[in-house]
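Okay, so here's the structure we're looking at.
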Amino acid sequence: MADLNIKIKNLELKNPVLTASGTFGYGEEFEDFIDINKLGGIIVKGTTLEPRQGNPYPRMAETASGMLNAVGLQNKGVDVFINDIYPKIKKYNTNVIVNVSGSNIKEYVKTAEKINHLDKIPAIELNISCPNVKQGGMAFGTNAKSAAEVTKAVREVYKKTLIVKLSPNVTDITEIAKAVEAEGADSVSLINTLLGMAVDVNTQRPLLSTVTGGLSGPCVKPVALRMVWQVFNAVKIPVIGLGGIMNANDAIEFILAGATAIQIGTANFIDPQISIKIIKGIEKYLSERNISSINDLIGGLKMESA
Amino acid sequence: MADLNIKIKNLELKNPVLTASGTFGYGEEFEDFIDINKLGGIIVKGTTLEPRQGNPYPRMAETASGMLNAVGLQNKGVDVFINDIYPKIKKYNTNVIVNVSGSNIKEYVKTAEKINHLDKIPAIELNISCPNVKQGGMAFGTNAKSAAEVTKAVREVYKKTLIVKLSPNVTDITEIAKAVEAEGADSVSLINTLLGMAVDVNTQRPLLSTVTGGLSGPCVKPVALRMVWQVFNAVKIPVIGLGGIMNANDAIEFILAGATAIQIGTANFIDPQISIKIIKGIEKYLSERNISSINDLIGGLKMESA
Amino acid sequence: MTTKKQIQDFIVLNNKKINSDYFELELKAPVKLPEIFPAQFIEIHIENAKDTFLRRPISIHDIDYDKNTITLLIQIKGEGTKTLSKIEKDASLNIIYPLGNSFSIPDKKEKVLLVGGGCGSAPLLFLAKYLFNKNIIPYILIGGKSENDILKIENFGEYGNVFITTEDGSLGFKGIVTEHPLLKKEVEKHNISKIYTCGPEPMMKAIAKIANKNNIACEASLENMMACGIGACLCCVVETTSGNQRVCCDGPVFDVKNLKGWE
Amino acid sequence: MTTKKQIQDFIVLNNKKINSDYFELELKAPVKLPEIFPAQFIEIHIENAKDTFLRRPISIHDIDYDKNTITLLIQIKGEGTKTLSKIEKDASLNIIYPLGNSFSIPDKKEKVLLVGGGCGSAPLLFLAKYLFNKNIIPYILIGGKSENDILKIENFGEYGNVFITTEDGSLGFKGIVTEHPLLKKEVEKHNISKIYTCGPEPMMKAIAKIANKNNIACEASLENMMACGIGACLCCVVETTSGNQRVCCDGPVFDVKNLKGWE
Ligand SMILES: Cc1cc2nc3c(=O)[nH]c(=O)nc-3n(C[C@H](O)[C@H](O)[C@H](O)COP(=O)(O)OP(=O)(O)OC[C@H]3O[C@@H](n4cnc5c(N)ncnc54)[C@H](O)[C@@H]3O)c2cc1C
Ligand SMILES: Cc1cc2nc3c(=O)[nH]c(=O)nc-3n(C[C@H](O)[C@H](O)[C@H](O)COP(=O)(O)OP(=O)(O)OC[C@H]3O[C@@H](n4cnc5c(N)ncnc54)[C@H](O)[C@@H]3O)c2cc1C
Ligand SMILES: Cc1cc2nc3c(=O)[nH]c(=O)nc-3n(C[C@H](O)[C@H](O)[C@H](O)COP(=O)(O)O)c2cc1C
Ligand SMILES: Cc1cc2nc3c(=O)[nH]c(=O)nc-3n(C[C@H](O)[C@H](O)[C@H](O)COP(=O)(O)O)c2cc1C
Ligand code: FES
Ligand code: FES
């Protein structure tokens, strides 16, 4: 059987399949459907220093092969996470990674610092790309300088594996990737959602309370894949790819384009068992081609003409 | 019956429905299916100073609710356009608009200058957003300074209505829109295609000869709509909206978000009669709501909460 | 409810057209059904329906433990429900179930009123039957725009005392539910100790207002745009006195006293 | 061909499974069919097929002017063709037709050879019939991986002299078409003045090589990724001696001498 183990700095994954922040709750919501321990890891909902109520309803609209969300980082804050949620989920025999967000650098740093003390959290994913909050979030991720600043500040306090999650809403994503790499990010994950909008022609109102929201699902896959390939060719740290992955073939496209690991987001809503199916599908793909390790596939896109 | 007439600077359209460059040939290809004269206008394929062969095959890949293309501005050059094509299409009793592209400012200017002399071409659309050419194209459209420069240079020689077509592959599209407005653009059209990519997992090769290509179709609509709304709120000149419009409701979403006119692109491939159907659909929408003129709908998105 | 959630392919046993807008699907479960409670719902995956990317939430309208089937009562709204309305016998449908909490069941001596409209009848008929089986005979007030929206009246009739309103007067009392004399007579006389409601939000809010004014307990089963249906995405929230709560798993049933803007 | 292109809903008269990979659709036109020529194709809109956004180009395999029907021979490749394979009688299919140029028709005294593989048989059977009706009896060489890919041999037999190759030897000569003795015997002896080919590109290229070497005219019907099918998008180009040309309207048939990389 093919070897699916990969490593991202000190983070060891039994397979390259993670679940994306905001789409998998705290894992518990999926316990009825799959064995969480079989995943490479789970990335829990965006966590901030203080509790947040998120945006008003309506927060979701369906689009062609995708959806818009305007959840806006609703979460109970890092302290509740540490005291109430962490004790319940630290039992998982897989990597539990916390997605960290903030309105300013101080908030990012304080939150990361608190999580740094949690034994069973081997990594954080710095969310500098949330399009659904007024302050911070995407503002950090669409500017190389501020992306570098927040990464640098968090790097000083956070000692374990630091993943920075990039926004696709930029002219040149390689510039941002290189900036956070230079400040000590161990890995970059991409993409977060594309900023989009939808209108109800009957009411003549926006379908989201916030007018614009984050677009995800298969509709964004071509853009995500392109960015993963660009970033893979621009940085030395491992790239984690996501955006519209619905099946094993999609995952393999990302791995061929340069992703060391991949995340499953919106697909979890369509099929709560999809993450496990994708692990099996990747295994099958490798076996059928006698590829002994997933590592041999990463960035393996053949570029010479046929 | 509702009044569908709109005006963009000196350009008068009998209705707000145009066909998008590169998706409607020179109109002739659709003559078997519709009466071209019923359209608000047609925008012909990207035209350059010299003839271009475009990119190698394969140039197209299907994606979820969309497609990638890597045509790369294949065209016979502006002189052949003027001598061979223009005489055939100037008969149309509608606005024939030429989409102009170039590798450098000089080429844009020379091409625009030549087209300025054509009586029956009331406007050009400056394509500073083609993702499928190595030089020029999108490079101009992803930077406010160069977008301004090329607009300024063309404005000096081009006396009729000047539309500038913007690229969505940018951090802040309002910045580019404002820059070209400041240099005398009479209108902006958006969006051109999003840069995307697709991989064949069987051959492990990119599906396009150029690796990356332009994404279009309903998958991009949420992004396009958001950008139209942002630009509408940022500039005073009329905005022309496009990106994934497949039916009249989609068109109305763009108009509500601020588009004075809209363009039909990829939808022409699915249904060569769609442009006419959309005109009828808009008419019906207005009639049913007793809206006497399309102008009353432009930017009419209701923002107060219900 | 702490019933384990399942994902399974159900088989279509019957697809019955009620009228041009509504139809009923009877689906056979592949395994023994767990106990299901009124207001719980399922998430259906509708394959090959245009523009239908996400699953669709539909209430459980009836359940037959002997036949091992559930029945759904569905209104055709868009592409998803239109495609479902054409599904043929023996086709299979992928379903996640059972989801959500349920109406609370009163004790025997209480007099309760069910108020519904349109496809709000779906969970209410299940509730009426459930109450009836517990020897509680509810008042049932069903409203709609016209006759077409008044569904399964005979069935409701088996389980309680039915009152009907239509806006166009084509059936029953002419007007909207809140204008029906029953509300005046029974509610305001405090004969009713609890109201259950499901239907369009403005209707439910109006009912809640009457209940609050008369100090009657009131539970509403809400709808919302749902992406996951299992509590993971936080898309489907409603504002409550204890913050934003998820309609899909903290609801769909809420005590209206806890809903902000429902005072 | 300057036949006016049309867009219409055709009705499925018959959907016949040939084997696990191939099926045949007979479609009735809503208006009198115009004259259609071998190698012309249609663009089908496949509704409600997963991941099938664009139309699908399919060659016209047969035409019956009396019944006013066209027949398609289709190989199941992905979601689009899979969905088509399940389409039921009386369903309607939206179709743009007729598209593309056609094979050139030789004069009576010529001896011609048709070489096809897999669904390349689709336009070739139409061509064979067309030639037969003009009193030209072609040689026909059909190749495939195995028996399963050798389609409609009896029909081909009605119109010409049929030779078969399969890579696994399950039917006819064991090997690939270019190894078949017929090519040596007839082609290299210059008994054949023209070859028509349709099938996988490597096969067609190999045939073109043999034709070029022996100075025999050769026409190939190409495939390409198509978005519009009507010459508007420039997606489907092939490199020719006179620049990039569109397979959908300058082709699908090209003289192989004009194709770059086919020397
Ligand atoms: C808990 C719950 C129980 C429901 N029970 C029933 C029922 O028993 N019978 C019934 O007919 N309907 C029920 N609905 C409503 C039903 O889910 C929608 O009518 C259906 O999703 C519409 O899908 P569509 O593709 O036909 O229409 P679309 O074109 O997608 O939408 C039409 C309208 O339906 C609403 N809608 C669409 N998707 C959703 C969604 N995911 N969640 C909520 N609303 C949506 C929107 O307001 C939209 O404007 C229920 C909804 C919820 C949340
Ligand atoms: C002029 C022409 C005539 C054709 N005639 C026939 C015929 O008579 N019978 C037949 O079985 N097939 C024919 N084909 C091929 C047929 O179009 C494809 O097999 C079909 O589009 C696959 O669609 P799908 O959704 O099943 O598979 P997909 O999953 O979309 O694709 C499977 C493979 O088919 C090819 N393909 C997909 N879409 C297109 C497209 N738009 N154009 C060209 N290739 C594509 C790709 O290489 C892809 O890898 C013809 C193609 C062309 C261009
Ligand atoms: C409902 C929803 C909530 C999300 N919340 C977060 C979040 O809290 N933090 C974050 O970094 N990304 C969040 N995302 C983005 C996803 O993690 C992912 O980057 C994006 O959805 C693209 O992947 P997909 O197409 O596979 O869903 C959210 C996405 C969705 C759909
Ligand atoms: C095949 C193809 C060719 C195109 N060629 C051009 C072009 O020459 N010039 C241009 O400005 N845009 C070109 N475009 C972009 C379209 O005009 C349009 O901006 C884009 O497709 C988004 O709209 P849509 O989603 O409605 O197709 C092309 C698009 C396609 C699909
Ligand atoms: S729909 Fe996802 S939390 Fe309710
Ligand atoms: S498919 Fe569009 S030009 Fe051929």
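Each chain in the structure tokens gets a letter, A, B, ..., in the order shown, and its residues are numbered from 1; ligands are numbered from 1 in order too.
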Please produce, as CSV, a per-residue contact table for chain D versus chain C (criterion: any atom at most 7 Å away, only C-alpha atoms considered), showing the nearest atom pair and its distance in Å to one decimal, sorted by chain then residue number.
```
residue,atom,partner,partner_atom,distance
D:Asn48,CA,C:Asn48,CA,4.7
D:Ala49,CA,C:Asn48,CA,5.7
D:Lys50,CA,C:Asn48,CA,5.7
```
| query | Do you know which residues are at most 12 Å from Asp35 (chain A) counting only C-alpha atoms, after dropping those on the same chain fewer than 2 positions away, and could you put them as an NGL selection string? | reply | :A and (27-33 or 37-42 or 92-94 or 272-277)
| If you count only C-alpha atoms and all ligand atoms, which residues end up within 7 Å of ligand 1, as an MDAnalysis selection string? | chainID C and resid 41 52 54:61 72:82 119:120 122:123 222:227 248 252
After superposing chain D onto chain C (least squares, all C-alpha atoms, pairing by order), export the transformed chain as a CSV table (one decimal) with C-alpha atoms, in the first residue's frame.
```csv
chain,number,residue,atom,x,y,z
D,1,MET,CA,-32.3,14.6,20.4
D,2,THR,CA,-29.1,12.6,20.6
D,3,THR,CA,-30.1,10.1,17.9
D,4,LYS,CA,-27.0,9.3,15.8
D,5,LYS,CA,-27.1,11.0,12.5
D,6,GLN,CA,-26.9,8.8,9.5
D,7,ILE,CA,-26.3,9.2,5.8
D,8,GLN,CA,-28.1,6.7,3.6
D,9,ASP,CA,-29.7,6.0,0.3
D,10,PHE,CA,-33.5,5.9,0.6
D,11,ILE,CA,-35.7,4.4,-2.1
D,12,VAL,CA,-38.6,6.3,-3.6
D,13,LEU,CA,-41.7,4.2,-3.0
D,14,ASN,CA,-44.2,6.8,-4.1
D,15,ASN,CA,-44.3,10.3,-5.6
D,16,LYS,CA,-47.8,11.7,-5.3
D,17,LYS,CA,-48.8,15.0,-6.8
D,18,ILE,CA,-51.1,17.0,-4.5
D,19,ASN,CA,-51.6,19.9,-6.7
D,20,SER,CA,-49.6,22.0,-9.1
D,21,ASP,CA,-47.5,23.3,-6.2
D,22,TYR,CA,-47.2,20.5,-3.8
D,23,PHE,CA,-46.2,16.8,-3.8
D,24,GLU,CA,-45.6,14.0,-1.4
D,25,LEU,CA,-42.7,11.6,-1.4
D,26,GLU,CA,-42.7,8.3,0.4
D,27,LEU,CA,-39.2,7.0,1.0
D,28,LYS,CA,-38.1,3.7,2.3
D,29,ALA,CA,-35.1,3.5,4.6
D,30,PRO,CA,-32.4,1.0,4.0
D,31,VAL,CA,-32.1,0.2,7.8
D,32,LYS,CA,-34.5,0.3,10.7
D,33,LEU,CA,-35.5,3.8,11.3
D,34,PRO,CA,-34.6,5.3,14.7
D,35,GLU,CA,-37.3,7.1,16.6
D,36,ILE,CA,-37.9,10.5,15.0
D,37,PHE,CA,-39.7,13.4,16.6
D,38,PRO,CA,-41.9,16.2,15.2
D,39,ALA,CA,-40.0,19.0,13.5
D,40,GLN,CA,-37.0,17.0,12.8
D,41,PHE,CA,-35.8,17.2,9.2
D,42,ILE,CA,-33.5,15.6,6.7
D,43,GLU,CA,-31.0,16.9,4.2
D,44,ILE,CA,-31.6,15.5,0.7
D,45,HIS,CA,-29.0,15.4,-2.1
D,46,ILE,CA,-30.7,16.2,-5.3
D,47,GLU,CA,-28.6,14.8,-8.1
D,48,ASN,CA,-28.5,16.4,-11.6
D,49,ALA,CA,-30.8,19.3,-10.7
D,50,LYS,CA,-29.6,22.5,-12.4
D,51,ASP,CA,-28.1,25.0,-10.0
D,52,THR,CA,-28.6,22.7,-7.1
D,53,PHE,CA,-25.3,22.4,-5.4
D,54,LEU,CA,-26.2,22.1,-1.8
D,55,ARG,CA,-28.5,19.6,-0.1
D,56,ARG,CA,-32.1,20.7,0.6
D,57,PRO,CA,-33.6,20.6,4.1
D,58,ILE,CA,-37.0,19.1,4.2
D,59,SER,CA,-39.1,18.3,7.3
D,60,ILE,CA,-40.3,14.8,8.1
D,61,HIS,CA,-44.0,14.9,7.4
D,62,ASP,CA,-44.9,11.4,8.5
D,63,ILE,CA,-43.2,8.2,9.5
D,64,ASP,CA,-44.3,4.6,9.3
D,65,TYR,CA,-42.2,2.4,11.5
D,66,ASP,CA,-43.8,-0.7,10.2
D,67,LYS,CA,-43.2,0.0,6.6
D,68,ASN,CA,-39.9,1.7,7.6
D,69,THR,CA,-40.7,4.7,5.5
D,70,ILE,CA,-40.8,8.5,5.9
D,71,THR,CA,-43.0,10.8,4.0
D,72,LEU,CA,-42.2,14.3,2.9
D,73,LEU,CA,-44.6,17.1,1.9
D,74,ILE,CA,-42.8,19.4,-0.5
D,75,GLN,CA,-43.7,22.7,-2.2
D,76,ILE,CA,-42.1,23.3,-5.6
D,77,LYS,CA,-40.0,26.4,-5.1
D,78,GLY,CA,-37.0,26.3,-7.5
D,79,GLU,CA,-34.9,23.9,-9.5
D,80,GLY,CA,-34.2,21.5,-6.6
D,81,THR,CA,-37.8,20.9,-5.6
D,82,LYS,CA,-38.9,20.8,-9.2
D,83,THR,CA,-36.4,18.0,-10.0
D,84,LEU,CA,-37.6,16.2,-6.9
D,85,SER,CA,-41.2,16.5,-8.0
D,86,LYS,CA,-40.3,14.5,-11.1
D,87,ILE,CA,-38.4,11.7,-9.4
D,88,GLU,CA,-39.6,8.3,-10.2
D,89,LYS,CA,-40.5,5.3,-8.2
D,90,ASP,CA,-37.5,3.1,-7.2
D,91,ALA,CA,-35.0,6.0,-7.7
D,92,SER,CA,-32.7,6.4,-4.8
D,93,LEU,CA,-32.1,9.6,-2.8
D,94,ASN,CA,-29.1,10.2,-0.6
D,95,ILE,CA,-30.3,11.5,2.8
D,96,ILE,CA,-28.8,12.8,6.0
D,97,TYR,CA,-31.1,12.3,9.0
D,98,PRO,CA,-32.6,12.8,11.5
D,99,LEU,CA,-31.6,16.4,12.1
D,100,GLY,CA,-32.6,19.1,14.5
D,101,ASN,CA,-34.5,19.2,17.8
D,102,SER,CA,-38.2,18.8,18.0
D,103,PHE,CA,-41.4,20.4,19.4
D,104,SER,CA,-41.7,19.9,23.1
D,105,ILE,CA,-44.5,17.5,24.0
D,106,PRO,CA,-47.0,19.0,26.5
D,107,ASP,CA,-48.5,17.0,29.4
D,108,LYS,CA,-51.9,15.4,28.9
D,109,LYS,CA,-54.2,18.1,30.3
D,110,GLU,CA,-52.9,20.9,28.2
D,111,LYS,CA,-54.9,22.4,25.4
D,112,VAL,CA,-52.7,23.2,22.5
D,113,LEU,CA,-53.1,25.0,19.2
D,114,LEU,CA,-51.1,24.3,16.0
D,115,VAL,CA,-50.9,27.1,13.5
D,116,GLY,CA,-49.5,26.5,10.1
D,117,GLY,CA,-49.4,27.7,6.6
D,118,GLY,CA,-48.2,26.2,3.2
D,119,CYS,CA,-45.5,23.7,3.6
D,120,GLY,CA,-45.5,24.5,7.3
D,121,SER,CA,-48.1,21.8,7.4
D,122,ALA,CA,-45.4,19.3,6.9
D,123,PRO,CA,-44.1,19.1,10.4
D,124,LEU,CA,-47.4,20.0,12.0
D,125,LEU,CA,-49.3,17.0,10.7
D,126,PHE,CA,-46.6,14.9,12.2
D,127,LEU,CA,-47.0,16.8,15.4
D,128,ALA,CA,-50.8,16.5,15.4
D,129,LYS,CA,-50.5,12.7,14.9
D,130,TYR,CA,-47.9,12.5,17.6
D,131,LEU,CA,-50.0,14.4,20.0
D,132,PHE,CA,-53.1,12.4,19.1
D,133,ASN,CA,-51.2,9.2,19.9
D,134,LYS,CA,-50.5,10.7,23.3
D,135,ASN,CA,-54.2,11.4,23.8
D,136,ILE,CA,-53.9,15.1,23.2
D,137,ILE,CA,-56.4,16.5,20.8
D,138,PRO,CA,-55.1,19.7,19.4
D,139,TYR,CA,-56.8,22.7,17.8
D,140,ILE,CA,-55.4,23.1,14.3
D,141,LEU,CA,-55.5,26.3,12.4
D,142,ILE,CA,-54.3,26.2,8.8
D,143,GLY,CA,-54.0,29.3,6.6
D,144,GLY,CA,-53.0,30.0,3.1
D,145,LYS,CA,-53.3,32.3,0.2
D,146,SER,CA,-56.0,30.1,-1.4
D,147,GLU,CA,-57.5,26.7,-1.4
D,148,ASN,CA,-54.4,25.4,-3.1
D,149,ASP,CA,-52.2,26.0,-0.1
D,150,ILE,CA,-54.5,24.2,2.3
D,151,LEU,CA,-53.1,20.7,2.4
D,152,LYS,CA,-54.2,17.4,3.8
D,153,ILE,CA,-57.1,18.7,5.7
D,154,GLU,CA,-58.8,15.2,6.1
D,155,ASN,CA,-55.6,13.9,7.7
D,156,PHE,CA,-55.4,16.8,10.1
D,157,GLY,CA,-59.1,16.2,10.8
D,158,GLU,CA,-58.2,12.7,12.1
D,159,TYR,CA,-56.1,14.2,14.8
D,160,GLY,CA,-57.7,17.4,16.0
D,161,ASN,CA,-60.2,20.1,15.5
D,162,VAL,CA,-59.4,21.9,12.2
D,163,PHE,CA,-60.0,25.5,11.3
D,164,ILE,CA,-59.2,27.0,8.0
D,165,THR,CA,-58.5,30.5,6.7
D,166,THR,CA,-57.6,31.6,3.1
D,167,GLU,CA,-56.7,35.1,2.1
D,168,ASP,CA,-59.0,34.9,-0.9
D,169,GLY,CA,-61.8,33.1,0.9
D,170,SER,CA,-61.7,30.2,-1.4
D,171,LEU,CA,-61.9,27.9,1.6
D,172,GLY,CA,-62.8,28.5,5.2
D,173,PHE,CA,-62.6,31.8,6.9
D,174,LYS,CA,-61.6,34.7,4.6
D,175,GLY,CA,-58.5,36.4,6.0
D,176,ILE,CA,-55.2,35.6,7.5
D,177,VAL,CA,-54.7,33.2,10.4
D,178,THR,CA,-54.3,35.9,13.0
D,179,GLU,CA,-57.7,37.2,12.1
D,180,HIS,CA,-59.5,33.9,12.7
D,181,PRO,CA,-62.0,34.0,15.5
D,182,LEU,CA,-60.5,30.9,17.0
D,183,LEU,CA,-57.5,33.0,18.1
D,184,LYS,CA,-59.8,35.5,19.8
D,185,LYS,CA,-62.1,33.0,21.3
D,186,GLU,CA,-59.7,30.3,22.6
D,187,VAL,CA,-56.4,32.1,22.9
D,188,GLU,CA,-57.6,35.3,24.5
D,189,LYS,CA,-59.8,33.3,26.8
D,190,HIS,CA,-56.7,31.4,27.9
D,191,ASN,CA,-58.2,28.1,27.1
D,192,ILE,CA,-55.0,27.4,25.2
D,193,SER,CA,-51.8,26.9,27.1
D,194,LYS,CA,-49.4,26.4,24.2
D,195,ILE,CA,-49.1,27.3,20.5
D,196,TYR,CA,-47.0,25.5,18.0
D,197,THR,CA,-46.4,27.2,14.7
D,198,CYS,CA,-44.6,26.5,11.4
D,199,GLY,CA,-45.0,28.5,8.2
D,200,PRO,CA,-43.9,31.8,6.7
D,201,GLU,CA,-41.9,34.0,9.1
D,202,PRO,CA,-44.3,37.0,9.1
D,203,MET,CA,-47.2,34.6,10.1
D,204,MET,CA,-45.2,33.0,12.8
D,205,LYS,CA,-44.1,36.4,14.2
D,206,ALA,CA,-47.7,37.5,14.3
D,207,ILE,CA,-48.7,34.4,16.1
D,208,ALA,CA,-45.8,34.9,18.5
D,209,LYS,CA,-47.0,38.4,19.3
D,210,ILE,CA,-50.4,37.1,20.2
D,211,ALA,CA,-49.0,34.4,22.3
D,212,ASN,CA,-46.6,36.7,24.1
D,213,LYS,CA,-49.4,39.2,24.7
D,214,ASN,CA,-51.6,36.5,26.2
D,215,ASN,CA,-48.7,34.9,28.1
D,216,ILE,CA,-49.1,31.6,26.2
D,217,ALA,CA,-46.1,29.4,25.6
D,218,CYS,CA,-45.3,29.4,21.9
D,219,GLU,CA,-42.8,27.3,19.9
D,220,ALA,CA,-41.9,28.1,16.3
D,221,SER,CA,-40.1,25.9,13.8
D,222,LEU,CA,-37.9,28.1,11.8
D,223,GLU,CA,-36.4,28.0,8.3
D,224,ASN,CA,-33.0,29.4,7.3
D,225,MET,CA,-30.5,29.1,4.6
D,226,MET,CA,-28.5,26.0,5.4
D,227,ALA,CA,-25.3,24.7,4.0
D,228,CYS,CA,-24.4,21.7,6.2
D,229,GLY,CA,-27.5,21.0,8.3
D,230,ILE,CA,-25.4,19.4,11.0
D,231,GLY,CA,-24.1,22.4,13.0
D,232,ALA,CA,-20.7,22.7,11.4
D,233,CYS,CA,-20.9,25.8,9.2
D,234,LEU,CA,-22.7,28.4,11.3
D,235,CYS,CA,-24.6,29.7,8.3
D,236,CYS,CA,-28.1,29.1,9.6
D,237,VAL,CA,-28.1,31.2,12.7
D,238,VAL,CA,-30.9,33.1,14.3
D,239,GLU,CA,-30.5,35.8,16.9
D,240,THR,CA,-31.6,34.6,20.3
D,241,THR,CA,-31.4,36.0,23.8
D,242,SER,CA,-28.4,33.8,24.3
D,243,GLY,CA,-26.6,34.9,21.1
D,244,ASN,CA,-26.7,33.5,17.6
D,245,GLN,CA,-27.9,30.0,17.5
D,246,ARG,CA,-28.0,27.4,14.7
D,247,VAL,CA,-31.4,26.7,13.3
D,248,CYS,CA,-30.2,23.3,12.1
D,249,CYS,CA,-29.2,21.8,15.4
D,250,ASP,CA,-30.1,24.2,18.2
D,251,GLY,CA,-33.4,24.4,16.4
D,252,PRO,CA,-35.4,24.3,14.1
D,253,VAL,CA,-37.8,24.7,17.1
D,254,PHE,CA,-37.3,27.7,19.3
D,255,ASP,CA,-39.4,29.1,22.2
D,256,VAL,CA,-40.4,32.4,20.6
D,257,LYS,CA,-39.6,34.2,23.9
D,258,ASN,CA,-35.9,33.5,23.2
D,259,LEU,CA,-36.0,34.9,19.6
D,260,LYS,CA,-34.8,38.5,19.2
D,261,GLY,CA,-37.1,40.6,17.1
D,262,TRP,CA,-40.1,38.4,17.9
D,263,GLU,CA,-41.4,40.4,20.8
```
| field | At most 8 Å from ligand 4 (only C-alpha atoms and all ligand atoms): residue list as a ChimeraX atom specification | value | /B:19-23,44-47,60,66-74,99-101,125-130,165,190-193,214-221,242-246,263-267 /D:227,233-235
Could you turn the residues from that selection into a file that holds C-alpha atoms, as a compact mmCIF listing (two decimals), in the first residue's frame?
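And here's out_13.txt as it stands now:
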```
# COMPACT_ATOMS: atom_id res chain seq x y z
CA THR B 19 -22.05 40.47 -26.75
CA ALA B 20 -18.62 40.01 -25.20
CA SER B 21 -15.39 40.08 -27.14
CA GLY B 22 -14.02 36.71 -28.14
CA THR B 23 -17.31 34.92 -27.65
CA VAL B 44 -15.72 41.87 -31.79
CA LYS B 45 -12.70 39.70 -31.06
CA GLY B 46 -9.58 41.29 -29.54
CA THR B 47 -7.73 43.08 -32.34
CA MET B 60 -10.02 25.02 -23.84
CA GLY B 66 -17.49 27.35 -16.51
CA MET B 67 -14.60 26.99 -18.88
CA LEU B 68 -10.98 27.94 -19.22
CA ASN B 69 -9.68 29.37 -22.47
CA ALA B 70 -6.21 30.09 -23.70
CA VAL B 71 -7.01 31.43 -27.15
CA GLY B 72 -4.50 34.21 -26.75
CA LEU B 73 -5.84 36.94 -29.01
CA GLN B 74 -5.63 35.05 -32.28
CA ASN B 99 -11.87 45.22 -28.58
CA VAL B 100 -8.31 46.53 -28.87
CA SER B 101 -5.22 44.91 -27.43
CA GLU B 125 -13.08 48.56 -25.71
CA LEU B 126 -9.49 48.70 -24.52
CA ASN B 127 -8.52 45.22 -23.41
CA ILE B 128 -5.97 45.67 -20.66
CA SER B 129 -7.00 42.42 -19.07
CA CYS B 130 -6.29 39.47 -21.37
CA LYS B 165 -12.03 46.54 -19.90
CA LEU B 190 -15.70 44.26 -16.19
CA ILE B 191 -14.82 41.53 -15.73
CA ASN B 192 -12.45 39.87 -18.13
CA THR B 193 -11.59 36.29 -17.22
CA GLY B 214 -8.98 32.54 -18.48
CA LEU B 215 -11.97 31.34 -16.46
CA SER B 216 -15.43 32.40 -17.57
CA GLY B 217 -19.03 31.32 -17.19
CA PRO B 218 -21.50 31.24 -14.27
CA CYS B 219 -18.77 30.16 -11.84
CA VAL B 220 -17.30 33.68 -11.97
CA LYS B 221 -20.60 35.53 -11.62
CA LEU B 242 -20.24 40.93 -17.45
CA GLY B 243 -19.10 37.60 -16.16
CA GLY B 244 -21.26 34.51 -16.13
CA ILE B 245 -24.51 36.08 -17.27
CA MET B 246 -26.66 33.16 -18.47
CA GLN B 263 -22.32 41.75 -21.96
CA ILE B 264 -23.05 38.13 -22.77
CA GLY B 265 -19.97 35.97 -23.17
CA THR B 266 -19.71 32.24 -22.59
CA ALA B 267 -23.51 31.91 -22.57
CA ALA D 227 -16.69 25.54 -26.83
CA CYS D 233 -14.53 31.23 -29.99
CA LEU D 234 -11.30 30.07 -31.67
CA CYS D 235 -10.84 27.38 -29.04
```
